[in-house]
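Text of the file coords-v3.txt, holding compact mmCIF, C-alpha atoms and all ligand atoms:
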```txt
# COMPACT_ATOMS: atom_id res chain seq x y z
CA MET A 1 12.04 -7.23 18.11
CA PRO A 2 8.83 -7.60 16.09
CA LYS A 3 9.13 -7.43 12.32
CA HIS A 4 8.04 -4.06 11.03
CA ILE A 5 5.72 -3.43 8.08
CA LEU A 6 5.47 0.00 6.48
CA VAL A 7 2.16 0.93 4.83
CA LEU A 8 2.28 3.83 2.39
CA HIS A 9 -0.70 5.71 1.00
CA GLY A 10 -0.49 8.07 -1.96
CA PRO A 11 -2.36 11.22 -2.90
CA ASN A 12 -6.04 11.79 -2.12
CA LEU A 13 -6.26 8.68 0.04
CA ASN A 14 -6.48 11.06 3.01
CA MET A 15 -9.95 11.86 1.61
CA LEU A 16 -11.26 8.30 1.84
CA GLY A 17 -14.83 8.33 3.07
CA LYS A 18 -15.48 11.66 1.33
CA ARG A 19 -13.95 10.90 -2.04
CA GLU A 20 -16.10 9.08 -4.66
CA PRO A 21 -17.52 6.69 -2.03
CA GLN A 22 -19.09 4.53 -4.76
CA ILE A 23 -15.52 3.64 -5.82
CA TYR A 24 -13.46 4.03 -2.67
CA GLY A 25 -15.96 3.20 0.06
CA LYS A 26 -17.23 5.01 3.14
CA LEU A 27 -14.47 4.36 5.65
CA SER A 28 -11.72 6.82 6.38
CA LEU A 29 -7.98 6.33 6.10
CA ARG A 30 -7.83 6.48 9.88
CA ASP A 31 -10.29 3.53 10.07
CA ILE A 32 -8.07 1.54 7.72
CA ASN A 33 -4.85 2.41 9.51
CA THR A 34 -6.33 1.53 12.90
CA ALA A 35 -7.54 -1.85 11.62
CA LEU A 36 -4.12 -2.58 10.11
CA GLU A 37 -2.25 -1.59 13.27
CA LYS A 38 -4.52 -3.74 15.46
CA LYS A 39 -4.25 -6.76 13.20
CA ALA A 40 -0.47 -6.51 12.91
CA CYS A 41 -0.02 -6.00 16.63
CA ALA A 42 -2.29 -8.98 17.49
CA ALA A 43 -0.12 -11.15 15.26
CA GLY A 44 3.13 -9.97 16.87
CA PHE A 45 4.22 -7.52 14.16
CA SER A 46 4.66 -3.78 14.32
CA LEU A 47 3.29 -1.54 11.61
CA SER A 48 3.50 2.11 10.73
CA THR A 49 1.56 4.09 8.18
CA PHE A 50 2.33 7.18 6.13
CA GLN A 51 0.18 9.15 3.70
CA SER A 52 1.22 12.03 1.51
CA ASN A 53 -0.11 13.97 -1.41
CA HIS A 54 3.48 14.75 -2.39
CA GLU A 55 5.66 12.46 -4.44
CA GLY A 56 8.91 13.65 -2.83
CA ALA A 57 7.56 13.08 0.68
CA LEU A 58 6.76 9.48 -0.21
CA VAL A 59 10.24 9.04 -1.70
CA ASP A 60 11.75 10.51 1.49
CA ARG A 61 9.74 8.13 3.69
CA VAL A 62 10.80 5.12 1.61
CA GLN A 63 14.45 6.20 1.85
CA GLU A 64 14.23 6.80 5.61
CA ALA A 65 12.93 3.27 6.08
CA LEU A 66 16.09 1.71 4.66
CA GLY A 67 17.30 -0.97 7.07
CA GLN A 68 14.40 -0.30 9.48
CA ILE A 69 11.60 -2.41 8.02
CA HIS A 70 10.84 -5.92 6.78
CA GLY A 71 8.08 -5.36 4.23
CA ILE A 72 6.18 -2.63 2.39
CA ILE A 73 2.51 -2.39 1.48
CA ILE A 74 1.77 0.52 -0.83
CA ASN A 75 -1.19 2.09 -2.53
CA PRO A 76 0.61 4.75 -4.55
CA ALA A 77 -2.81 6.00 -5.79
CA ALA A 78 -2.37 8.33 -8.78
CA PHE A 79 1.43 8.03 -8.53
CA THR A 80 1.02 4.37 -9.52
CA HIS A 81 0.57 5.53 -13.09
CA THR A 82 3.24 8.22 -13.19
CA SER A 83 6.03 7.87 -10.66
CA VAL A 84 9.42 6.56 -11.69
CA ALA A 85 10.75 8.30 -8.55
CA ILE A 86 8.65 6.16 -6.17
CA ARG A 87 9.51 3.04 -8.16
CA ASP A 88 13.23 3.84 -7.91
CA ALA A 89 12.97 4.52 -4.17
CA LEU A 90 11.18 1.19 -3.61
CA LEU A 91 13.98 -0.53 -5.52
CA LEU A 92 16.39 0.59 -2.77
CA HIS A 93 14.79 -2.12 -0.65
CA ASP A 94 15.17 -5.81 -1.25
CA LEU A 95 12.02 -6.66 0.67
CA PRO A 96 8.55 -8.11 0.06
CA LEU A 97 6.41 -5.42 -1.55
CA ILE A 98 2.65 -5.59 -2.00
CA GLU A 99 0.78 -3.11 -4.19
CA VAL A 100 -2.84 -2.46 -3.23
CA HIS A 101 -5.60 -0.69 -5.11
CA ILE A 102 -9.07 -0.27 -3.69
CA SER A 103 -10.66 -0.22 -7.13
CA ASN A 104 -9.98 -2.56 -10.03
CA ILE A 105 -7.56 -0.37 -11.97
CA HIS A 106 -7.85 -2.71 -14.96
CA LYS A 107 -11.56 -2.07 -15.28
CA ARG A 108 -11.40 1.74 -15.34
CA GLU A 109 -9.86 4.34 -17.65
CA ALA A 110 -7.03 2.88 -19.77
CA PHE A 111 -4.37 5.08 -18.11
CA ARG A 112 -5.08 3.41 -14.76
CA SER A 113 -4.08 -0.05 -15.96
CA GLN A 114 -0.47 1.00 -16.27
CA SER A 115 1.48 0.64 -13.03
CA TYR A 116 5.09 1.61 -12.50
CA ILE A 117 5.10 -0.62 -9.43
CA SER A 118 3.52 -3.95 -10.37
CA ASP A 119 6.55 -5.47 -12.10
CA ILE A 120 8.72 -4.82 -9.05
CA ALA A 121 6.06 -5.92 -6.53
CA THR A 122 5.88 -9.33 -4.91
CA GLY A 123 2.15 -9.21 -5.59
CA GLN A 124 -0.76 -6.92 -6.31
CA ILE A 125 -4.29 -6.80 -4.85
CA VAL A 126 -6.84 -4.79 -6.81
CA GLY A 127 -10.57 -4.26 -6.85
CA LEU A 128 -11.45 -5.78 -3.48
CA GLY A 129 -12.23 -2.50 -1.76
CA ILE A 130 -10.52 -1.50 1.44
CA ARG A 131 -10.42 -5.13 2.54
CA GLY A 132 -7.56 -5.38 0.05
CA TYR A 133 -5.35 -3.71 2.66
CA LEU A 134 -6.17 -6.38 5.25
CA LEU A 135 -5.63 -9.14 2.70
CA ALA A 136 -2.30 -7.58 1.82
CA LEU A 137 -1.35 -7.51 5.49
CA ASP A 138 -2.29 -11.20 5.89
CA ALA A 139 -0.17 -12.05 2.87
CA MET A 140 2.74 -9.93 4.08
CA MET A 141 2.71 -11.51 7.55
CA ALA A 142 2.59 -14.98 5.98
CA ILE A 143 5.51 -14.12 3.71
CA LEU A 144 7.49 -12.73 6.64
CA THR A 145 6.88 -15.84 8.71
CA ASP A 146 7.52 -18.07 5.72
CA LYS A 147 4.09 -19.66 6.01
CA GLU A 148 2.78 -21.58 3.04
CA ASP A 149 -0.28 -23.20 4.62
CA LEU A 150 -3.78 -22.39 3.42
CA MET A 151 -5.33 -21.80 6.83
C1 LIG B 201 -6.46 5.16 -6.01
C2 LIG B 201 -6.32 6.31 -6.70
O1 LIG B 201 -6.28 7.46 -6.07
C3 LIG B 201 -6.28 6.35 -8.17
O2 LIG B 201 -5.53 7.41 -8.67
C4 LIG B 201 -5.82 5.04 -8.77
C5 LIG B 201 -6.35 3.83 -6.66
C6 LIG B 201 -6.57 3.86 -8.15
C7 LIG B 201 -7.16 2.78 -5.93
O3 LIG B 201 -8.01 2.11 -6.51
O4 LIG B 201 -6.91 2.58 -4.73
O5 LIG B 201 -5.97 5.06 -10.16
```

structure tokens encoding of this file:
Amino acid sequence: MPKHILVLHGPNLNMLGKREPQIYGKLSLRDINTALEKKACAAGFSLSTFQSNHEGALVDRVQEALGQIHGIIINPAAFTHTSVAIRDALLLHDLPLIEVHISNIHKREAFRSQSYISDIATGQIVGLGIRGYLLALDAMMAILTDKEDLM
């Protein structure tokens, strides 16, 4: 059975492509999800994606995944800065966890630099645009195959 990676997207990320394209880029969430699925599949992993504008729906999805997945990549979007509930749900899992932000949250309004996720994450990728998701996937697959090489 291939190892399974769950990718979670928080609120307003369903509007990628339409939403502040100077910050979040021109591609849609579907474009990103398709690229992630293809890349994971080509490397022998399986990957599923889930987006919600609702905190409880994200908590439910994280709970449902218990025992079913091997790693989590999450852009909690605005919930990054507010959600103890998503943090607590993620803590149910003892798995590699990568936090992604399209923009550099440390370079924007002060409230965006605070993350309820970063201190429980394996690592964080910020400010590299949507390619951050693909970098996160590379890192996750390397972690899950225990690869430490630089190639
Ligand atoms: C996305 C959001 O929707 C914001 O609320 C965060 C994050 C930043 C991003 O850069 O991907 O503050």

**OP:** Give me the residues within 12 Å of Leu16 of chain A as an NGL selection string, counting only C-alpha atoms and dropping any in the same chain fewer than 3 places off.
**Re:** :A and (9-13 or 19-33 or 51 or 77 or 102 or 129-130)

Original post:
At what distance in Å, to one decimal, does atom CA of Lys3 of chain A lie from atom CA of Gly71 of chain A?
Top reply: 8.4 Å

Original post:
For ligand LIG 201 (chain B), which residue among A:Ala43, A:Leu137, A:Val126, A:Leu6 is the nearest when counting all atoms listed in the file?
Top reply: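 Closest to ligand LIG 201 (chain B), using all atoms listed in the file: A:Val126.
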
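If all atoms listed in the file are the atoms counted, then among A:Gly17, A:Gly67, A:Gly44, A:Gly56 the closest residue to Thr145 of chain A is A:Gly44.
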
**OP:** Would you mind telling me which residue in A:His81, A:Lys107, A:Lys38, A:Lys147 lies nearest to ligand LIG 201 (chain B) when using all atoms listed in the file?
**Re:** A:His81

Subject >> Glu55 of chain A surroundings by all atoms listed in the file, 9 Å radius, close-in-sequence under 5 positions cut, as a ChimeraX atom specification >> reply: /A:10-11,60,79,83,85-86

Original post:
Between A:Leu8, A:Met141, A:Ala89, A:Leu134, which one has atoms that come closest to Ala35 of chain A, using all atoms listed in the file?
Top reply: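 Comparing A:Leu8, A:Met141, A:Ala89, A:Leu134 against Ala35 of chain A, the winner is A:Leu134.
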
Subject >> Selected residue of minimal separation from ligand LIG 201 (chain B) among A:Val59, A:Ala42, A:Ala142, A:Ile105, counting all atoms listed in the file >> reply: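 Distance minimum relative to ligand LIG 201 (chain B) lands on A:Ile105.
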
Original post:
Between atom CA of Ala110 of chain A and atom O5 of ligand LIG 201 (chain B), what is the distance, to one decimal in Å?
Top reply: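 Taking atom CA of Ala110 of chain A as the start and atom O5 of ligand LIG 201 (chain B) as the end point, the length is 9.9 Å.
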
Original post:
What separation in Å, quoted to one decimal, exists between atom CA of Met1 of chain A and atom CA of Ala57 of chain A?
Top reply: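 About the pair atom CA of Met1 of chain A and atom CA of Ala57 of chain A: they are 27.1 Å apart.
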
**OP:** List the neighbours of His93 of chain A out to 10 Å using only C-alpha atoms; skip same-chain residues closer than 3 positions along the sequence, and give me the result as a PyMOL selection string.
**Re:** chain A and resi 62-63+65-67+69-72+88-90+96-97

For C-alpha atoms, I'd like the residues from the last selection saved as a short mmCIF file (atom, residue, chain, number, x, y, z; two decimals), in the coordinates of the input.
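result.cif, freshly written:
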```
data_model
loop_
_atom_site.label_atom_id
_atom_site.label_comp_id
_atom_site.auth_asym_id
_atom_site.auth_seq_id
_atom_site.Cartn_x
_atom_site.Cartn_y
_atom_site.Cartn_z
CA VAL A 62 10.80 5.12 1.61
CA GLN A 63 14.45 6.20 1.85
CA ALA A 65 12.93 3.27 6.08
CA LEU A 66 16.09 1.71 4.66
CA GLY A 67 17.30 -0.97 7.07
CA ILE A 69 11.60 -2.41 8.02
CA HIS A 70 10.84 -5.92 6.78
CA GLY A 71 8.08 -5.36 4.23
CA ILE A 72 6.18 -2.63 2.39
CA ASP A 88 13.23 3.84 -7.91
CA ALA A 89 12.97 4.52 -4.17
CA LEU A 90 11.18 1.19 -3.61
CA PRO A 96 8.55 -8.11 0.06
CA LEU A 97 6.41 -5.42 -1.55
#
```

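Each of A:Glu99, A:Glu64, A:Glu37, A:Glu148 was checked against Thr122 of chain A using only C-alpha atoms; the smallest atom-to-atom distance is that of A:Glu99.
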
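Near (-5.0, -10.6, 2.3), the residues inside the 12 Å limit, counting only C-alpha atoms, come to Leu36, Lys39, Ile73, Ile98, Glu99, Val100, Gly123, Gln124, Ile125, Val126, Leu128, Gly129, Ile130, Arg131, Gly132, Tyr133, Leu134, Leu135, Ala136, Leu137, Asp138, Ala139, Met140, Met141, Ala142, Ile143 and Leu150 of chain A.
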
Got time to write the residues from that selection, C-alpha atoms, as a short mmCIF file (atom, residue, chain, number, x, y, z; two decimals), in the frame of the given file?
```cif
data_model
loop_
_atom_site.label_atom_id
_atom_site.label_comp_id
_atom_site.auth_asym_id
_atom_site.auth_seq_id
_atom_site.Cartn_x
_atom_site.Cartn_y
_atom_site.Cartn_z
CA LEU A 36 -4.12 -2.58 10.11
CA LYS A 39 -4.25 -6.76 13.20
CA ILE A 73 2.51 -2.39 1.48
CA ILE A 98 2.65 -5.59 -2.00
CA GLU A 99 0.78 -3.11 -4.19
CA VAL A 100 -2.84 -2.46 -3.23
CA GLY A 123 2.15 -9.21 -5.59
CA GLN A 124 -0.76 -6.92 -6.31
CA ILE A 125 -4.29 -6.80 -4.85
CA VAL A 126 -6.84 -4.79 -6.81
CA LEU A 128 -11.45 -5.78 -3.48
CA GLY A 129 -12.23 -2.50 -1.76
CA ILE A 130 -10.52 -1.50 1.44
CA ARG A 131 -10.42 -5.13 2.54
CA GLY A 132 -7.56 -5.38 0.05
CA TYR A 133 -5.35 -3.71 2.66
CA LEU A 134 -6.17 -6.38 5.25
CA LEU A 135 -5.63 -9.14 2.70
CA ALA A 136 -2.30 -7.58 1.82
CA LEU A 137 -1.35 -7.51 5.49
CA ASP A 138 -2.29 -11.20 5.89
CA ALA A 139 -0.17 -12.05 2.87
CA MET A 140 2.74 -9.93 4.08
CA MET A 141 2.71 -11.51 7.55
CA ALA A 142 2.59 -14.98 5.98
CA ILE A 143 5.51 -14.12 3.71
CA LEU A 150 -3.78 -22.39 3.42
#
```

Subject >> Distance query Thr82 of chain A at most 12 Å, only C-alpha atoms, self and fewer than 5 positions along chain excluded, as an MDAnalysis selection string >> reply: chainID A and resid 10 55 76:77 87 111:117
